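Notes follow the structure.
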Amino acid sequence: MEMKAVVSSTGLMLLFAWLSPSQALYFHIGETEKKCFIEEIPDETMVIGRYRTQLWDKQAGSFLPSTPGLGMHVEIKDPDAKIILSRQYGSDGRFTFTSHTPGEHQICLHSNSTKMALFTGGKLRVHLDIQVGEHTNNYPEIAAKDKLSELQLRVRQLLDQVEQIQKEQNYQRYREERFRMTSESTNQRVLWWSIAQTFILIITGIWQMRHLKSFFEAKKLV
Amino acid sequence: MLFWFLLLCVQLMLGWIRASELTFELPDNAKQCFYEDISIGTKCTLEFQVVTGGHYDVDCRLEDPDGTVLYKEMKKQYDSFTFTASRNGTFKFCFSNEFSTFTHKTVYFDFQVGDDPPLFPNENGVTALTQMESACVSIHEALKSVIDYQTHFRLRETQGRSRAEDLNTRVAFWSIGEAFILLVVSISQVLLLRSFFSDKKTTTTRVGS
């Protein structure tokens, strides 16, 4: 009996965990406007994004609580500009991805609705919440699943944080290497192009003088 | 046990007090505003940093539900502002790039509302923590600030690196362009000079005869 209650409560709990943010940050977006957010993350990092949209009701003069049939298209690009997720979601959505290459990932959202401007004056309110890395962990859920005591859960949280720091440090090393390679490349380019330009200058100078000399000799002016 | 789970569910429903961290691109002459509903007495922190673009500066403005400006700075590269919500309502903060004519800026901000949700539902701050638990709490806080510093360091490094990459492509582009211009100018100089002397030759022969 208690087991059944526990299971149903866990289910209920997980359901609530899935619910879109009701108190998250929000912003306004136009009808065909595309809003992009950049997440610079190390590899093998999980990102969970949740959004909720509300349509402006001109008659009521306020935002409707929720609008079925209104969708948002979510597109996620990896650092190599390759699309890793491109999907249509409803008016409330939850998207998740795990990065396989470290770097700047771009999360773009735009509305798929064209009838907004007709009914509503074209304003859409989007509540958005993006959680990265160890913030994606739901500790009460983990405690329930693995049956951890308070201290064990705290230590688990610390371990996750430290793992995130390690990943970030590793990513830092990779980026510093890229930076160094870019600087070396600039150095090489400046060096070789300066030499090349000086060479071209001298060669064209010599060519000019020789050509003109032979030209004047042909014209019998010299 | 059941009670604990139900309390957990309630906790989860109410517990959306968290930090929002976003990086977005602000086109030239554009303004982007974000809103958040905050209850009275909540301690909030807004931190922002310009990652790429121009002179790395942006205007920032934070207003409370009455429209009173709590924070206003022009052309700032990085800042952090802490305030306590004086009333319930929607707080608004805006980033403006309206002073710039052609550079887009990438802006990072971190808006923290309230404290982190506690790990356990029956933790109301009244129960005493054991030594181990308080040690864990202080380590957690210290690690949070480490992660925060890491983020700011990463943003500064991104700034430097994108400038370097920009410089790299620009050096190649302009060197090739200059070499090309050099060749074109020297050849056209010669051709122009030749054309002067071709005309002069007919006039000199006329004068001579």
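By convention here, the chains of the structure tokens are called A, B, ... in the order presented, each chain's residues are numbered starting at 1, and ligands are numbered starting at 1 in the order presented.
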
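Within the 9 Å cut-off around A:Thr98, using only C-alpha atoms and omitting residues fewer than 4 positions from it on the same chain, the listed residues are Asp43, Glu44, Thr45, Met46, Val47 and Ile48 of chain A.
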
With only C-alpha atoms as the counted atoms, please give the residues lying no more than 6 Å from A:Ser91, apart from itself and same-chain residues fewer than 4 positions off, as a compact mmCIF listing (two decimals) with N, CA, C and O atoms, in the first residue's frame.
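Everything below was put into out-v9.txt:
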# COMPACT_ATOMS: atom_id res chain seq x y z
N THR A 53 5.04 29.68 -23.77
CA THR A 53 4.67 30.88 -24.52
C THR A 53 3.28 31.35 -24.14
O THR A 53 2.42 30.57 -23.79
N LEU A 70 -0.31 27.00 -30.79
CA LEU A 70 0.79 27.92 -31.04
C LEU A 70 2.07 27.15 -30.80
O LEU A 70 2.25 26.56 -29.75
N GLY A 71 2.95 27.13 -31.79
CA GLY A 71 4.16 26.32 -31.62
C GLY A 71 5.42 27.15 -31.76
O GLY A 71 5.40 28.25 -32.29

Worksheet item: Excluding same-chain residues fewer than 6 positions from stretch 73-79 of chain A, what lies within 10 Å of it counting only C-alpha atoms, as an MDAnalysis selection string?
Response: chainID A and resid 34:41 85:91 93:97 99:113

Write out, as a PDB file, in the first residue's frame, the residues just selected, with C-alpha atoms.
ATOM      1  CA  LYS A  34      14.212  34.490 -34.387  1.00  0.00           C
ATOM      2  CA  LYS A  35      15.855  34.696 -31.011  1.00  0.00           C
ATOM      3  CA  CYS A  36      19.168  32.986 -30.550  1.00  0.00           C
ATOM      4  CA  PHE A  37      21.102  32.209 -27.417  1.00  0.00           C
ATOM      5  CA  ILE A  38      24.681  31.067 -27.246  1.00  0.00           C
ATOM      6  CA  GLU A  39      25.918  28.429 -24.836  1.00  0.00           C
ATOM      7  CA  GLU A  40      29.631  27.882 -24.670  1.00  0.00           C
ATOM      8  CA  ILE A  41      30.049  24.473 -23.106  1.00  0.00           C
ATOM      9  CA  LEU A  85      18.263  19.472 -33.199  1.00  0.00           C
ATOM     10  CA  SER A  86      15.579  21.049 -35.320  1.00  0.00           C
ATOM     11  CA  ARG A  87      12.110  20.388 -34.051  1.00  0.00           C
ATOM     12  CA  GLN A  88       8.709  21.887 -33.696  1.00  0.00           C
ATOM     13  CA  TYR A  89       7.323  21.980 -30.168  1.00  0.00           C
ATOM     14  CA  GLY A  90       3.970  23.083 -28.826  1.00  0.00           C
ATOM     15  CA  SER A  91       3.296  26.247 -26.902  1.00  0.00           C
ATOM     16  CA  GLY A  93       8.122  22.723 -24.602  1.00  0.00           C
ATOM     17  CA  ARG A  94      11.136  21.081 -23.176  1.00  0.00           C
ATOM     18  CA  PHE A  95      14.226  20.319 -25.225  1.00  0.00           C
ATOM     19  CA  THR A  96      17.392  18.614 -24.193  1.00  0.00           C
ATOM     20  CA  PHE A  97      20.719  17.842 -25.802  1.00  0.00           C
ATOM     21  CA  SER A  99      27.183  18.333 -26.495  1.00  0.00           C
ATOM     22  CA  HIS A 100      29.676  16.067 -28.239  1.00  0.00           C
ATOM     23  CA  THR A 101      32.117  18.765 -29.270  1.00  0.00           C
ATOM     24  CA  PRO A 102      33.242  21.549 -26.971  1.00  0.00           C
ATOM     25  CA  GLY A 103      32.433  25.061 -28.095  1.00  0.00           C
ATOM     26  CA  GLU A 104      29.716  27.567 -28.827  1.00  0.00           C
ATOM     27  CA  HIS A 105      26.341  26.006 -29.334  1.00  0.00           C
ATOM     28  CA  GLN A 106      23.543  28.147 -30.623  1.00  0.00           C
ATOM     29  CA  ILE A 107      19.949  27.664 -29.501  1.00  0.00           C
ATOM     30  CA  CYS A 108      17.455  29.454 -31.746  1.00  0.00           C
ATOM     31  CA  LEU A 109      13.748  29.834 -31.205  1.00  0.00           C
ATOM     32  CA  HIS A 110      11.151  31.213 -33.511  1.00  0.00           C
ATOM     33  CA  SER A 111       7.421  31.049 -33.670  1.00  0.00           C
ATOM     34  CA  ASN A 112       5.800  29.039 -36.416  1.00  0.00           C
ATOM     35  CA  SER A 113       2.528  30.872 -36.216  1.00  0.00           C
TER      36      SER A 113
END

Worksheet item: Using only C-alpha atoms, which residue out of A:Gly133, A:Glu184, A:Phe27, A:Glu176 lies closest to A:Glu163?
Response: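 Comparing A:Gly133, A:Glu184, A:Phe27, A:Glu176 against A:Glu163, the winner is A:Gly133.
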
Worksheet item: What does the distance from atom CA of B:Glu157 to atom CA of B:Gln77 come to in Å, to one decimal?
Response: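 Atom CA of B:Gln77 lies 14.3 Å from atom CA of B:Glu157.
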
Fill in: Gap from atom CA of A:Ser62 to atom CA of B:Ile40 - Å, one decimal
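Between atom CA of A:Ser62 and atom CA of B:Ile40 the gap is 22.8 Å.
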
Practice prompt. Just list the residues in stretch 29-203 of chain B DSSP gives helix (DSSP H, G or I) on the backbone, as number ranges by chain.
Written response: B: 131-203

Skipping near chain neighbours, those fewer than 6 positions away, what residues fall within 8 Å of stretch 186-189 of chain B using only C-alpha atoms, listed as a tab-separated table (two decimals) with C-alpha atoms, in the first residue's frame?
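Just written: result_26.tsv:
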chain	number	residue	atom	x	y	z
A	204	THR	CA	58.10	45.64	-59.84
A	205	GLY	CA	60.52	48.55	-59.34
A	208	GLN	CA	59.40	49.26	-64.31

Worksheet entry | Who sits within 10 Å of stretch 148-159 of chain A, only C-alpha atoms, same chain under 2 positions skipped, as a PyMOL selection string | (chain A and resi 134-135+137-140+142-146+161-165) or (chain B and resi 119-120+130+132-134+136-137+139-141+143-144)

Worksheet entry | Residues near stretch 44-49 of chain B, cut-off 10 Å, only C-alpha atoms, skip fewer than 3 positions along chain, as number ranges by chain | B: 19-23, 38, 41, 52, 56-58, 60, 62, 71, 76-85, 93, 95, 106-115, 152, 155-156

Item to complete: Would you list the contacts of B:Leu193 as a list in words, taking every protein, DNA or RNA residue within 12 Å and counting only C-alpha atoms, but skipping same-chain residues closer than 6 positions in sequence?
Response: Gln208, Met209, His211, Leu212, Lys213, Phe215 and Phe216 of chain A; Ser186, Ile187, Asp199 and Lys200 of chain B

Practice prompt. Going by DSSP on the backbone, which bits of chain B are strand (DSSP E)? Write them as a PyMOL selection string, please.
Written response: chain B and resi 19-26+31-38+43-52+58-63+69-76+78-84+89-96+105-113
